[in-house]
Number of protein chains: 2
Amino acid sequence: MQFVDQGLIDEDEALRRVSGEELARLMFPRFDTSGEVTKIATGISASPGAAVGKAVFDSARAVELAAQGEKVILVRRETNPDDLHGMIAAQGILTSRGGKTSHAAVVARGMGKTCVCGADELTVDTKAGKFTAPGGITVSEGDVISIDGTSGVVYLGEIPVVSSEVVRYFEGELHPHADEADDLIRAVHSIMVHADHKRRLGVHANADNGPDCARARRFGAGGVGLVRTEHMFLGERRQLIEDLVLASTDEDRQRALDALEPLQRGDFVEILEAMDGLPVTIRLIDPPLHEFLPDLTDLSVRIALAGDNASDKDKELLAAVRRLHEQNPMLGLRGVRLGLVIPGLTDMQVRAIAHAAAQLKQAGQDPQPEVMIPLTATVQEMEISRERAEKVLREVEEETGTHVHTLIGTMIEVPRAALNAGPIAGSAEFFSFGTNDLTQMTWGFSRDDVEGAFFSKYIELGIFGVSPFETIDRDGVGRLVDIAVKEGRAARPDLHLGVCGEHGGDPDSVHFFHQVGLDYVSCSPFRVPIARLEAGRAALAGGGSDSR
Amino acid sequence: MQFVDQGLIDEDEALRRVSGEELARLMFPRFDTSGEVTKIATGISASPGAAVGKAVFDSARAVELAAQGEKVILVRRETNPDDLHGMIAAQGILTSRGGKTSHAAVVARGMGKTCVCGADELTVDTKAGKFTAPGGITVSEGDVISIDGTSGVVYLGEIPVVSSEVVRYFEGELHPHADEADDLIRAVHSIMVHADHKRRLGVHANADNGPDCARARRFGAGGVGLVRTEHMFLGERRQLIEDLVLASTDEDRQRALDALEPLQRGDFVEILEAMDGLPVTIRLIDPPLHEFLPDLTDLSVRIALAGDNASDKDKELLAAVRRLHEQNPMLGLRGVRLGLVIPGLTDMQVRAIAHAAAQLKQAGQDPQPEVMIPLTATVQEMEISRERAEKVLREVEEETGTHVHTLIGTMIEVPRAALNAGPIAGSAEFFSFGTNDLTQMTWGFSRDDVEGAFFSKYIELGIFGVSPFETIDRDGVGRLVDIAVKEGRAARPDLHLGVCGEHGGDPDSVHFFHQVGLDYVSCSPFRVPIARLEAGRAALAGGGSDSR
């Protein structure tokens, strides 16, 4: 407690003065400008990061070159919704017009892509495929430039990129008391220690594999708040999902599930081992299964072009893709609905979790798995899913002779779940707010479809000040969270409450989650330090303690 | 008041005893069985109506024959999600297994399609393409059968269909005191008179053209609660929307809007004339504009097959379809967002409404248009839309020298709008609950995608007793309606409140809307008598009066 004696007030004040946004900026890779560099312009730092690539002045061309493996910077006077594909393909975006709420800035931030906008010293001529800068400099398509989204500076040529020292500190590569650590690292260290000391909110990470879990732990996560099991169905395993979808008999379906189970078990062993002694919240498969099949339009074109030579296999696949096609997949057969409609799917996943945990416990470890049911809207869905999961847990316990305490809870991500939190809490030991989907459904818009199409216009019109996917919308989504917290806790006082949407790593949103009385936030590993910092600042700012 | 003296209690009791569902059954066309008929089985009356067609035992075959213009009855032992297209193509569905909550029954009711299920006297052999009935009767593919979804009876051959006498009464073709009117018509008449006398709820109709409006009026509608203006963009006018979407300059876009305006004005003149003296709530265009363009997959296949011969026009169209393609169109660029993002669109529609009304008023009529903004989620969207609409109304008033009092209000159809009803009511003179979309977003499922895919399973599992698209879900969607009514009225005591989702014609839901304190329900013209009856019964049952 010497620490306190030496001046707690100063520590508090330091914590108050450093924002999560500043810390986030320090964590991006940056340019090493110690050599000779040519600055050609300074624009607005619209979305942080350091990007290097060939200048390209047309979105279609950006897509084309990126497909050939080239790194490109998309340069436009300003962007509009038609540039979306080009922006996705590029390493970074540079515009000569527009401010922090221009289309380029809003969309790039949403994508987490480096962007400098409004660099008005540049004269961009997209038709001629070039821009000119003060001092008679001309950059044509194919010339390499470097843009610093953190400072807004644009450089000619390729500037070397170095990793952030602050990240090296969080990774444990740079000790705060080592000689090579500078004042910045020591200050960050001291503030993080104080934030952890002050904060009431736990900070977990969203991670789907061992290495991500290990990094999350190094970055200070107290658990994993979201394992997305569908991420384990990609790559070579996609074929097994295809087999599951195409199965025409119960036997074929069970065979596909049986093939998946040991793979899933292996995934869970890796994750639970990396998080030994800490809670790991594993969400059962969420997306519609047709997402693992080929795209309807691509497959239709391929088969039409093949004509009589189209294979029976492809035709069968097309029939399945058509049958499973959904007008609005986000509002389709997904989440808990999959588990209720496809026999054996929930059982397979829960069995893989239970076996993985039993194996580790037998090896002397302390696995703490939690089973999370996605997209629940009614207490009945939760009750049925819970019964099935409990049955499997009991079976594995008998088979292995090993008991692993396993909580069963649910995501709260459709508005109806928030409005029925009381009854649902009767059957769920924890809630995790899925604020991405909750935002989409509460507003009635899908991030993929609307962010590029009209968000900058909405910000320009003052309809919102910041994208509700970046910072939680307190009046709409936040109100639902508040209702669910109050009614869920009233029904089950020890209900464990967290959030696993991307808002979990957003500074403003962390303050809201503190105030509303959640137990923890969960975010991507790289956002964990930011959430820790902001959770400390939120505790300093007060409020929220009486929500318990 | 002689009426009351003669025994009001009996009138009340009669009203209590007749349900809207019974009245609905009386309004379907029915078989004329006065001639010689062969009953071959009696199953469960799963979805009312009288359907005649050739028996077909396979869904793909049903689609094929229907495409050739044949009327078919899909006969299956039981249906599953793969039968969806066949069910859509068929006149009616007959199954030998399953009850009122079987897949066939649930999906057919959702579609409003005649269905007899669980006719277990029949032995259906889909492979052989036939079924056998008691008495050695065999029906093979192509043989005509008639199924009565109201009574559950299955007939051999074609039975003549006659229109409902009750409908003829509502149409005014059959006077209740005429000689040919039987006791049934006189009873219906007397009950309807009493229901109208008792009810507090107004009953409006959803109608998009003059003839539908005229029918709605004959059926007793006190106004039109929903004119869907996008229904006016189909057929030959689709080209104009295509021009609007493909416009690359402001001039081209304005030219497309200018071409649409007189057509829209003509539509509104027809509707306002048919509803002279009654309120007509006109919703500005709601669906995403790409819905008026060709389908992405169809167009891609056509162009791929054409190869080098693909026309430039088609290629340009494909580029536009790709650009506007949305992953989840229901959650995309639609509703108020269109009006805010596409310059001139709202103005064009409001100008057409204002000119139509001015023209009728100058001709001595009493047009009562209301402008309804769709899909509002924030008060800012409402304020901006309102300002634009008011500006156009003022301009037309100056141009024509004619003032038409025109309310401006909004749909409440995304959860966020319900949760922000107070602020939104500050800028809206009326709310109309769009309970179809509100149900989709509150539950996070799209009717098109889920009703056929898992609703029967959900009903079987007891997750819900009836589809939330048929009867309003009081605990979720209903709670949002209740919040919005209370907070909207608190902010604006004279806020006019209605519902224009299909629930407006559902008996149970009408009772809920009465209790929660709405001013009116709006439903399809054919459901208007049912809503009038149930609104009377709801008033008798009490409750709801103190919600004002």
# chains A, B, ... in the order shown; residues from 1 in each chain; ligands from 1
>>> select_by_dssp(residues="range 114-322 of chain A", states="alpha helix (DSSP H)", output="ChimeraX atom specification")
/A:165-170,183-198,210-218,238-246,250-274,296-306,312-322
>>> closest_atom_pairs(of="chain A", to="chain B", cutoff="7 Å", atoms="only C-alpha atoms", output="Markdown table")
| residue | atom | partner | partner_atom | distance |
| --- | --- | --- | --- | --- |
| A:Asp82 | CA | B:Arg323 | CA | 6.6 |
| A:Thr297 | CA | B:Thr297 | CA | 4.6 |
| A:Ser300 | CA | B:Val301 | CA | 6.6 |
| A:Val301 | CA | B:Val301 | CA | 4.9 |
| A:Ala304 | CA | B:Val301 | CA | 6.5 |
| A:Leu305 | CA | B:Leu305 | CA | 6.2 |
| A:Arg323 | CA | B:Asp82 | CA | 6.7 |
| A:Glu326 | CA | B:Asp449 | CA | 5.7 |
| A:Gln327 | CA | B:Asp449 | CA | 6.5 |
| A:Asn328 | CA | B:Asn328 | CA | 4.4 |
| A:Pro329 | CA | B:Asn328 | CA | 6.6 |
| A:Met330 | CA | B:Asn328 | CA | 6.7 |
| A:Leu331 | CA | B:Phe445 | CA | 4.0 |
| A:Gly332 | CA | B:Asp449 | CA | 5.5 |
| A:Leu333 | CA | B:Val450 | CA | 6.5 |
| A:Val341 | CA | B:Phe454 | CA | 6.9 |
| A:Ala377 | CA | B:Trp443 | CA | 6.2 |
| A:Gln380 | CA | B:Ile463 | CA | 5.3 |
| A:Glu381 | CA | B:Ile463 | CA | 6.4 |
| A:Val414 | CA | B:Gly444 | CA | 5.8 |
| A:Pro415 | CA | B:Thr442 | CA | 4.9 |
| A:Arg416 | CA | B:Gly476 | CA | 5.1 |
| A:Leu419 | CA | B:Gly476 | CA | 6.0 |
| A:Met441 | CA | B:Met441 | CA | 5.2 |
| A:Thr442 | CA | B:Pro415 | CA | 4.9 |
| A:Trp443 | CA | B:Arg416 | CA | 5.6 |
| A:Gly444 | CA | B:Leu331 | CA | 5.2 |
| A:Phe445 | CA | B:Leu331 | CA | 4.0 |
| A:Ser446 | CA | B:Leu331 | CA | 5.1 |
| A:Asp449 | CA | B:Gly332 | CA | 5.5 |
| A:Val450 | CA | B:Gly332 | CA | 5.8 |
| A:Phe454 | CA | B:Val341 | CA | 6.9 |
| A:Ile463 | CA | B:Gln380 | CA | 5.3 |
| A:Gly476 | CA | B:Arg416 | CA | 5.1 |
>>> residues_around(residues="His503 in chain B", least_positions_apart="3", cutoff="7 Å", atoms="only C-alpha atoms", output="list in words")
Thr435, Glu470, Thr471, Ile472, Asp506 and Ser509 of chain B
>>> write_last_selection(atoms="N, CA, C and O atoms", output="PDB file, in the first residue's frame")
ATOM      1  N   THR B 435     -46.742  -4.079 -37.609  1.00  0.00           N
ATOM      2  CA  THR B 435     -46.406  -5.223 -36.740  1.00  0.00           C
ATOM      3  C   THR B 435     -45.788  -6.388 -37.500  1.00  0.00           C
ATOM      4  O   THR B 435     -45.229  -7.282 -36.873  1.00  0.00           O
ATOM      5  N   GLU B 470     -49.274 -14.549 -37.258  1.00  0.00           N
ATOM      6  CA  GLU B 470     -50.739 -14.605 -37.294  1.00  0.00           C
ATOM      7  C   GLU B 470     -51.334 -13.807 -36.145  1.00  0.00           C
ATOM      8  O   GLU B 470     -52.202 -12.962 -36.344  1.00  0.00           O
ATOM      9  N   THR B 471     -50.884 -14.111 -34.928  1.00  0.00           N
ATOM     10  CA  THR B 471     -51.417 -13.463 -33.734  1.00  0.00           C
ATOM     11  C   THR B 471     -50.281 -12.754 -33.013  1.00  0.00           C
ATOM     12  O   THR B 471     -49.204 -13.334 -32.830  1.00  0.00           O
ATOM     13  N   ILE B 472     -50.516 -11.524 -32.614  1.00  0.00           N
ATOM     14  CA  ILE B 472     -49.420 -10.728 -32.059  1.00  0.00           C
ATOM     15  C   ILE B 472     -48.857 -11.376 -30.798  1.00  0.00           C
ATOM     16  O   ILE B 472     -49.597 -11.901 -29.955  1.00  0.00           O
ATOM     17  N   ASP B 506     -56.595  -9.913 -37.266  1.00  0.00           N
ATOM     18  CA  ASP B 506     -56.590 -11.177 -36.517  1.00  0.00           C
ATOM     19  C   ASP B 506     -57.372 -11.028 -35.218  1.00  0.00           C
ATOM     20  O   ASP B 506     -57.110 -10.107 -34.429  1.00  0.00           O
ATOM     21  N   SER B 509     -55.514 -10.588 -31.870  1.00  0.00           N
ATOM     22  CA  SER B 509     -54.700  -9.368 -31.889  1.00  0.00           C
ATOM     23  C   SER B 509     -55.581  -8.133 -31.763  1.00  0.00           C
ATOM     24  O   SER B 509     -55.191  -7.152 -31.117  1.00  0.00           O
TER      25      SER B 509
END
>>> residues_around(residues="range 45-60 of chain B", least_positions_apart="4", cutoff="7 Å", atoms="only C-alpha atoms", output="count of residues only")
42
>>> closest_residue(among="A:Cys523, A:Ile373, A:Val227, A:Val336", to="Asn436 in chain A", atoms="only C-alpha atoms")
A:Cys523
>>> residues_around(residues="Gly277 in chain A", least_positions_apart="6", cutoff="8 Å", atoms="only C-alpha atoms", output="count of residues only")
4
>>> select_by_dssp(residues="range 119-287 of chain A", states="strand (DSSP E)", output="PyMOL selection string")
chain A and resi 123-125+130-133+137-140+144-148+153-156+161-162+202-206+224-228+279-283
>>> closest_residue(among="A:Leu540, A:Ile412, A:Val350, A:Val269", to="Glu390 in chain A", atoms="only C-alpha atoms")
A:Val350
>>> residues_around(residues="Thr229 in chain A", least_positions_apart="2", cutoff="9 Å", atoms="only C-alpha atoms", output="ChimeraX atom specification")
/A:208,227,231-233,264,267,282-286,349
>>> closest_residue(among="A:Ala310, A:Ala216, A:Leu240, A:Ala490", to="Glu261 in chain A", atoms="only C-alpha atoms")
A:Leu240
>>> closest_residue(among="B:Gly220, B:Gly488, B:Pro262, B:Pro374", to="Leu533 in chain B", atoms="only C-alpha atoms")
B:Gly220
>>> residues_around(residues="Asp32 in chain B", least_positions_apart="5", cutoff="7 Å", atoms="only C-alpha atoms", output="PyMOL selection string")
chain B and resi 159-162
>>> decode(residues="range 47-62 of chain A", atoms="all heavy atoms", output="PDB file, in the first residue's frame")
ATOM      1  N   SER A  47      -8.573   7.251 -39.861  1.00  0.00           N
ATOM      2  CA  SER A  47      -8.637   5.896 -39.303  1.00  0.00           C
ATOM      3  C   SER A  47      -7.196   5.428 -39.154  1.00  0.00           C
ATOM      4  O   SER A  47      -6.454   5.375 -40.141  1.00  0.00           O
ATOM      5  CB  SER A  47      -9.446   4.992 -40.242  1.00  0.00           C
ATOM      6  OG  SER A  47      -9.506   3.681 -39.723  1.00  0.00           O
ATOM      7  N   PRO A  48      -6.758   5.092 -37.920  1.00  0.00           N
ATOM      8  CA  PRO A  48      -5.330   4.923 -37.640  1.00  0.00           C
ATOM      9  C   PRO A  48      -4.704   3.712 -38.316  1.00  0.00           C
ATOM     10  O   PRO A  48      -5.390   2.801 -38.767  1.00  0.00           O
ATOM     11  CB  PRO A  48      -5.290   4.786 -36.114  1.00  0.00           C
ATOM     12  CG  PRO A  48      -6.647   4.348 -35.719  1.00  0.00           C
ATOM     13  CD  PRO A  48      -7.591   4.915 -36.730  1.00  0.00           C
ATOM     14  N   GLY A  49      -3.363   3.721 -38.356  1.00  0.00           N
ATOM     15  CA  GLY A  49      -2.612   2.633 -38.954  1.00  0.00           C
ATOM     16  C   GLY A  49      -1.586   3.179 -39.930  1.00  0.00           C
ATOM     17  O   GLY A  49      -1.581   4.369 -40.242  1.00  0.00           O
ATOM     18  N   ALA A  50      -0.692   2.291 -40.397  1.00  0.00           N
ATOM     19  CA  ALA A  50       0.346   2.685 -41.348  1.00  0.00           C
ATOM     20  C   ALA A  50       0.207   1.768 -42.550  1.00  0.00           C
ATOM     21  O   ALA A  50       0.354   0.557 -42.425  1.00  0.00           O
ATOM     22  CB  ALA A  50       1.723   2.517 -40.704  1.00  0.00           C
ATOM     23  N   ALA A  51      -0.125   2.345 -43.713  1.00  0.00           N
ATOM     24  CA  ALA A  51      -0.367   1.520 -44.898  1.00  0.00           C
ATOM     25  C   ALA A  51       0.546   1.941 -46.033  1.00  0.00           C
ATOM     26  O   ALA A  51       0.790   3.125 -46.253  1.00  0.00           O
ATOM     27  CB  ALA A  51      -1.826   1.622 -45.326  1.00  0.00           C
ATOM     28  N   VAL A  52       1.047   0.929 -46.745  1.00  0.00           N
ATOM     29  CA  VAL A  52       1.953   1.153 -47.868  1.00  0.00           C
ATOM     30  C   VAL A  52       1.394   0.415 -49.075  1.00  0.00           C
ATOM     31  O   VAL A  52       0.919  -0.717 -48.945  1.00  0.00           O
ATOM     32  CB  VAL A  52       3.360   0.585 -47.551  1.00  0.00           C
ATOM     33  CG1 VAL A  52       4.291   0.787 -48.742  1.00  0.00           C
ATOM     34  CG2 VAL A  52       3.931   1.211 -46.305  1.00  0.00           C
ATOM     35  N   GLY A  53       1.447   1.037 -50.258  1.00  0.00           N
ATOM     36  CA  GLY A  53       0.994   0.326 -51.449  1.00  0.00           C
ATOM     37  C   GLY A  53       1.077   1.202 -52.673  1.00  0.00           C
ATOM     38  O   GLY A  53       1.417   2.388 -52.602  1.00  0.00           O
ATOM     39  N   LYS A  54       0.744   0.588 -53.822  1.00  0.00           N
ATOM     40  CA  LYS A  54       0.747   1.328 -55.074  1.00  0.00           C
ATOM     41  C   LYS A  54      -0.503   2.188 -55.159  1.00  0.00           C
ATOM     42  O   LYS A  54      -1.610   1.710 -54.880  1.00  0.00           O
ATOM     43  CB  LYS A  54       0.759   0.345 -56.246  1.00  0.00           C
ATOM     44  CG  LYS A  54       2.067  -0.427 -56.349  1.00  0.00           C
ATOM     45  CD  LYS A  54       2.067  -1.362 -57.549  1.00  0.00           C
ATOM     46  CE  LYS A  54       3.463  -1.979 -57.704  1.00  0.00           C
ATOM     47  NZ  LYS A  54       3.487  -3.005 -58.757  1.00  0.00           N
ATOM     48  N   ALA A  55      -0.325   3.427 -55.570  1.00  0.00           N
ATOM     49  CA  ALA A  55      -1.483   4.309 -55.728  1.00  0.00           C
ATOM     50  C   ALA A  55      -2.359   3.796 -56.864  1.00  0.00           C
ATOM     51  O   ALA A  55      -1.849   3.427 -57.933  1.00  0.00           O
ATOM     52  CB  ALA A  55      -1.015   5.730 -56.024  1.00  0.00           C
ATOM     53  N   VAL A  56      -3.654   3.735 -56.606  1.00  0.00           N
ATOM     54  CA  VAL A  56      -4.635   3.314 -57.616  1.00  0.00           C
ATOM     55  C   VAL A  56      -5.787   4.288 -57.520  1.00  0.00           C
ATOM     56  O   VAL A  56      -6.186   4.666 -56.409  1.00  0.00           O
ATOM     57  CB  VAL A  56      -5.106   1.869 -57.355  1.00  0.00           C
ATOM     58  CG1 VAL A  56      -6.235   1.506 -58.281  1.00  0.00           C
ATOM     59  CG2 VAL A  56      -3.954   0.891 -57.528  1.00  0.00           C
ATOM     60  N   PHE A  57      -6.349   4.684 -58.670  1.00  0.00           N
ATOM     61  CA  PHE A  57      -7.310   5.789 -58.671  1.00  0.00           C
ATOM     62  C   PHE A  57      -8.733   5.354 -59.006  1.00  0.00           C
ATOM     63  O   PHE A  57      -9.610   6.180 -59.215  1.00  0.00           O
ATOM     64  CB  PHE A  57      -6.834   6.873 -59.641  1.00  0.00           C
ATOM     65  CG  PHE A  57      -5.524   7.470 -59.223  1.00  0.00           C
ATOM     66  CD1 PHE A  57      -4.316   6.856 -59.518  1.00  0.00           C
ATOM     67  CD2 PHE A  57      -5.517   8.629 -58.451  1.00  0.00           C
ATOM     68  CE1 PHE A  57      -3.112   7.395 -59.085  1.00  0.00           C
ATOM     69  CE2 PHE A  57      -4.319   9.179 -58.018  1.00  0.00           C
ATOM     70  CZ  PHE A  57      -3.116   8.556 -58.334  1.00  0.00           C
ATOM     71  N   ASP A  58      -8.935   4.046 -59.050  1.00  0.00           N
ATOM     72  CA  ASP A  58     -10.221   3.527 -59.479  1.00  0.00           C
ATOM     73  C   ASP A  58     -10.498   2.257 -58.687  1.00  0.00           C
ATOM     74  O   ASP A  58      -9.603   1.416 -58.529  1.00  0.00           O
ATOM     75  CB  ASP A  58     -10.099   3.243 -60.986  1.00  0.00           C
ATOM     76  CG  ASP A  58     -11.322   2.575 -61.553  1.00  0.00           C
ATOM     77  OD1 ASP A  58     -11.405   1.326 -61.481  1.00  0.00           O
ATOM     78  OD2 ASP A  58     -12.203   3.294 -62.034  1.00  0.00           O
ATOM     79  N   SER A  59     -11.714   2.122 -58.181  1.00  0.00           N
ATOM     80  CA  SER A  59     -12.000   0.997 -57.291  1.00  0.00           C
ATOM     81  C   SER A  59     -11.944  -0.344 -57.999  1.00  0.00           C
ATOM     82  O   SER A  59     -11.472  -1.335 -57.433  1.00  0.00           O
ATOM     83  CB  SER A  59     -13.363   1.192 -56.623  1.00  0.00           C
ATOM     84  OG  SER A  59     -13.223   2.149 -55.597  1.00  0.00           O
ATOM     85  N   ALA A  60     -12.412  -0.381 -59.233  1.00  0.00           N
ATOM     86  CA  ALA A  60     -12.383  -1.650 -59.971  1.00  0.00           C
ATOM     87  C   ALA A  60     -10.929  -2.090 -60.168  1.00  0.00           C
ATOM     88  O   ALA A  60     -10.588  -3.267 -60.029  1.00  0.00           O
ATOM     89  CB  ALA A  60     -13.077  -1.500 -61.313  1.00  0.00           C
ATOM     90  N   ARG A  61     -10.079  -1.108 -60.466  1.00  0.00           N
ATOM     91  CA  ARG A  61      -8.658  -1.401 -60.672  1.00  0.00           C
ATOM     92  C   ARG A  61      -8.016  -1.865 -59.353  1.00  0.00           C
ATOM     93  O   ARG A  61      -7.162  -2.753 -59.340  1.00  0.00           O
ATOM     94  CB  ARG A  61      -7.982  -0.117 -61.174  1.00  0.00           C
ATOM     95  CG  ARG A  61      -6.534  -0.248 -61.535  1.00  0.00           C
ATOM     96  CD  ARG A  61      -6.330  -0.846 -62.937  1.00  0.00           C
ATOM     97  NE  ARG A  61      -4.899  -0.949 -63.231  1.00  0.00           N
ATOM     98  CZ  ARG A  61      -4.295  -2.076 -63.603  1.00  0.00           C
ATOM     99  NH1 ARG A  61      -5.002  -3.181 -63.756  1.00  0.00           N
ATOM    100  NH2 ARG A  61      -3.007  -2.090 -63.838  1.00  0.00           N
ATOM    101  N   ALA A  62      -8.440  -1.281 -58.246  1.00  0.00           N
ATOM    102  CA  ALA A  62      -7.915  -1.685 -56.932  1.00  0.00           C
ATOM    103  C   ALA A  62      -8.244  -3.155 -56.671  1.00  0.00           C
ATOM    104  O   ALA A  62      -7.401  -3.926 -56.215  1.00  0.00           O
ATOM    105  CB  ALA A  62      -8.497  -0.801 -55.830  1.00  0.00           C
TER     106      ALA A  62
END
